[in-house]
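Heads up: the structure comes next, in structure tokens.
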Amino acid sequence: MRRIYCRDEVCIGCRLCEIHCQVEHSASKDILKTFKKETPPPPMVRVEERGATSFALQCRQCPEPYCAYSCITGAIWQDVDTGEVLHDKEKCIGCWTCVLACPKGAVRPDLRGPRVAVRCDLCPGREIPACVESCPNDALYEVDEEF
Amino acid sequence: MASGTFDYLIIGNSAGGVGCIEGIRRQDKKGRIAVVSDEPHHVYSRPLITHLLDGHLSGNSMDFRPRDFYRKTRVDFFPGFRAASLDADGREVHAVPVAGGPGKVLRFKKLLIATGARPFMPLMEGLGLEGITPMITLDQSLRVREDLGQVRKAVVLGAGLIGTKTAQALAGRLEEVTLVELGDRILAPVTDPVSSGMAMEAFRKGNVEIILNNTVTAAGGDSRGRIAEVTLKDGTSIPCQLLVLAAGVRPKAELAAGAGVRIADVKTGGGIDVNTRMETNRKGIYACGDCAHAWDFVTGGMRLLPLWPNAYIGGRVAGLNMTGSEYRHTWVTNMNSVDFFGLPMVSAGFVLKPEEPGFEEIVREDEGAYAKVILKDDIIRGLIMAGNVQRAGLYLGLMRSEVRTTPFRDQLLRDEFSAADLGPEGREEIMRPIMEMES
């Protein structure tokens with residue numbers, strides 16, 4: 001399972017990961033258009049901060065995904081054979097049960113237009129997720145773990 | 001009479017049944033699984049049935065799993081068959097077609113009873129009129145939807161989750177919707193007076209009239225036998241062409257009871273008695289969901305928790321245990337999340353501060369947002385968030401792990417309270433994925 005980690009000792013809370021996540025998941029994928037012309041999507045990664053402590057947090061890609069186990073519509077579910085957590089936004093009704101179920105606080109409500117839950121999708125189609133690639137301090141890194 | 005023998009038999013085709021199938025298939029790719037359901041449909045999302053009424057959803061978007069689910073999980077699915085009797089010693093279920101015809105004998109090694117709940121029908125005159133219905137099955141919702149052309153005004157009895165969601169959906173379609181509730185606030189099990197007040201405001205803005213401390217005592221019909229008005233306890237009468245009964249649900253435990261499976265005392269809910277492994281007093285026979293009790297990690301006792309995630313996870317734990325694993329279902333409490341007319345609301349555990357000594361509450365009220373945590377010994381025992389539900393799960397996670405919040409107690413309801421407030425160990429725990437269910 002691909003998973004993103006953060007070295008909090010070098011995270012300075014610049015939030016570039018959030019910005020680049022938003023660009024990657026915007027309609028245009030263009031940084032200026034995303035923030036000047038469109039309504040940017042909520043970032044799937046979030047920098048959590050208190051005082052000098054800061055670190056980026058996104059979906060932990062749990063092998064036991066309680067977001068999926070709690071989903072009332074079947075929008076988030078885990079493929080029995082592959083273990084992959086699938087997320088069909090068309091089926092999401094924005095009830096936020098997954099937001100309540102995720103003990104990491106890593107599922108967020110998207111309140112633009114049709115209200116849907118968002119969780120890190122590891123940037124499908126990209127070799128390196130946008131947040132990892134854009135981190136100026138290499139605080140974010142990706143590993144491929146067995147489970 | 002046709003018959004079949006299965007390693008795993010599941011009665012009920014809803015959240016608990018799906019959880020059980022997915023739990024079994026995690027461990028056992030080969031064992032024979034059968035599902036018998038008295039409903040004729042592919043597995044659908046029961047909480048979505050009220051969403052059908054506002055016209056935004058089509059039939060297929062009700063599917064809780066894709067249409068190839070039974071094929072991919074290699075399940076023999078018997079829709080439209082009612083489990084008429086259970087022989088716990090002989091290990092077989094007699095199933096009869098709802099539409100009539102010859103029955104089937106289904107033999108099993110392991111059984112899950114996930115028969116769900118039935119609506120509580122209040123005592124009232126005129127219950128047999130057309131246009132009076134509960135709202136817990138897809139067919140009931142589809143019938144109401146087909147019928148909406150004849151309806152200008154509707155009354156919904158009961159302001160729990162089903163009643164409020166029904167009223168919300170109907171409000172977009174009808175001239176007038178009235179929600180009648182016996183208690184002194186709506187959504188009582190999942191709100192306190194403040195969050196309930198916010199919800200009521202949202203409903204009133206959404207064009208739903210709310211009548212509290214009252215109930216429907218009689219329905220009167222027109223010449224065609226269709227409902228034309230209801231009379232309330234205080235004598236008020238309200239014209240309507242539709243009455244939705246949403247005064248709660250009761251566990252369907254008769255099949256289990258008839259087979260000598262132990263049922264919990266009716267005072268504690270009357271559901272099927274299970275342990276935290278979801279097994280009944282009869283070895284190899286499991287139960288979950290609205291028909292059974294479940295462990296509430298906040299109150300520390302078994303109770304009815306008729307909630308979708310409880311059914312799914314309970315079924316999953318049962319399925320895993322049927323294959324020889326040892327998992328416990330200790331993850332749930334009274335927990336809910338809903339969105340009414342754009343007002344998101346979550347709650348978990350206690351919503352009102354218990355009377356016993358030692359409980360405290362911290363409250364925060366802002367324009368359009370409200371949050372409350374109930375603590376005992378600095379451990380979170382209750383949560384309400386309305387208007388803003390960001391990171392709600394973080395609080396529920398702290399509740400479940402019984403984390404003593406003393407070092408960051410004062411930050412709990414501050415803006416952007418987050419994992420950064422938890423200290424190095426707490427942070428490390430947050431970064432760690434959930435690898436195992438409770439065992």
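Residue numbering restarts at 1 in every chain; chains get A, B, ... in the order shown in the structure tokens, and ligands count up from 1 in that same order.
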### Message
as a PyMOL selection string, could you give me every residue of chain A near chain B (at most 8 Å apart, counting only C-alpha atoms)?
### Response
chain A and resi 5+48-50+53-55+57+60-65+69-75+80-81+91+94-109+147
Emit the selected residues as a short mmCIF file (atom, residue, chain, number, x, y, z; two decimals), in the first residue's frame, including C-alpha atoms.
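out-v6.cif, written as the output of this step:
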```cif
data_model
loop_
_atom_site.label_atom_id
_atom_site.label_comp_id
_atom_site.auth_asym_id
_atom_site.auth_seq_id
_atom_site.Cartn_x
_atom_site.Cartn_y
_atom_site.Cartn_z
CA TYR A 5 4.45 10.18 5.74
CA GLU A 48 -2.04 20.54 11.33
CA GLU A 49 -0.40 23.20 13.44
CA ARG A 50 -0.04 24.33 17.02
CA THR A 53 4.55 21.97 15.82
CA SER A 54 3.34 21.39 12.28
CA PHE A 55 2.91 18.39 10.06
CA LEU A 57 -1.81 14.80 7.50
CA ARG A 60 -3.55 6.93 6.24
CA GLN A 61 -4.79 4.32 3.74
CA CYS A 62 -5.87 2.08 6.62
CA PRO A 63 -6.11 -1.64 5.81
CA GLU A 64 -9.15 -1.54 8.12
CA PRO A 65 -10.94 1.50 6.67
CA TYR A 69 -17.25 0.42 7.05
CA SER A 70 -19.38 3.38 8.10
CA CYS A 71 -20.43 4.68 4.69
CA ILE A 72 -24.22 4.57 4.49
CA THR A 73 -24.55 4.82 0.71
CA GLY A 74 -21.80 2.53 -0.57
CA ALA A 75 -19.84 5.50 -1.97
CA VAL A 80 -12.87 -7.66 -1.10
CA ASP A 81 -10.25 -9.14 -3.40
CA LYS A 91 -22.86 8.15 -4.77
CA GLY A 94 -22.57 14.50 2.05
CA CYS A 95 -23.95 12.94 5.23
CA TRP A 96 -20.45 13.15 6.78
CA THR A 97 -20.66 9.79 8.52
CA CYS A 98 -17.14 9.05 7.23
CA VAL A 99 -15.93 12.39 8.62
CA LEU A 100 -17.17 11.19 12.00
CA ALA A 101 -15.82 7.67 11.54
CA CYS A 102 -12.22 8.54 10.63
CA PRO A 103 -10.31 8.73 13.93
CA LYS A 104 -7.50 10.56 12.17
CA GLY A 105 -9.72 13.47 11.17
CA ALA A 106 -8.45 12.87 7.63
CA VAL A 107 -11.74 12.88 5.71
CA ARG A 108 -13.02 16.35 4.93
CA PRO A 109 -16.29 17.77 3.73
CA PHE A 147 -0.01 -3.69 4.15
#
```
What's around B:Phe78 at 9 Å? Count only C-alpha atoms, leave out sequence neighbours fewer than 5 positions away in its own chain, and write the answer as a PDB file with N, CA and C atoms, in the first residue's frame.
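See around02.pdb below for the written result:
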```pdb
ATOM      1  N   ALA B  34     -24.736 -18.321   1.327  1.00  0.00           N
ATOM      2  CA  ALA B  34     -26.054 -18.002   0.772  1.00  0.00           C
ATOM      3  C   ALA B  34     -26.673 -16.852   1.550  1.00  0.00           C
ATOM      4  N   VAL B  35     -27.411 -16.023   0.821  1.00  0.00           N
ATOM      5  CA  VAL B  35     -28.148 -14.922   1.438  1.00  0.00           C
ATOM      6  C   VAL B  35     -29.615 -15.093   1.092  1.00  0.00           C
ATOM      7  N   VAL B  36     -30.468 -15.051   2.109  1.00  0.00           N
ATOM      8  CA  VAL B  36     -31.897 -15.118   1.874  1.00  0.00           C
ATOM      9  C   VAL B  36     -32.518 -13.814   2.375  1.00  0.00           C
ATOM     10  N   SER B  37     -33.377 -13.223   1.550  1.00  0.00           N
ATOM     11  CA  SER B  37     -33.933 -11.915   1.890  1.00  0.00           C
ATOM     12  C   SER B  37     -35.404 -11.861   1.505  1.00  0.00           C
ATOM     13  N   ASP B  38     -36.239 -11.334   2.386  1.00  0.00           N
ATOM     14  CA  ASP B  38     -37.666 -11.249   2.037  1.00  0.00           C
ATOM     15  C   ASP B  38     -37.952 -10.075   1.098  1.00  0.00           C
ATOM     16  N   PRO B  40     -37.273  -8.160  -2.595  1.00  0.00           N
ATOM     17  CA  PRO B  40     -36.933  -8.665  -3.922  1.00  0.00           C
ATOM     18  C   PRO B  40     -35.726  -7.979  -4.565  1.00  0.00           C
TER      19      PRO B  40
END
```
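Proximity of A:Asp110, A:Arg2, A:Cys14, A:Gln78 to A:Glu127, computed with only C-alpha atoms, is greatest for A:Arg2.
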### Message
Please return, as a VMD selection string, all residues of stretch 2-140 of chain A that DSSP assigns to strand (DSSP E) on the basis of the backbone.
### Response
chain A and resid 2 to 6 46 to 50 53 to 57 76 to 78 85 to 87 108 to 110 116 to 118 140
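We find atom CA of B:Phe350 and atom CA of B:Thr166 to be spaced 25.1 Å apart.
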### Message
From a backbone DSSP assignment, name each residue in stretch 26-187 of chain B labelled alpha helix (DSSP H), as number ranges by chain.
### Response
B: 26-27, 49-53, 69-72, 138-147, 161-171
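By chain and then residue number, the residues within 7 Å of A:Trp77 are Ala68, Val85, Leu86 and His87 of chain A, counting only C-alpha atoms and disregarding those fewer than 4 positions away in sequence.
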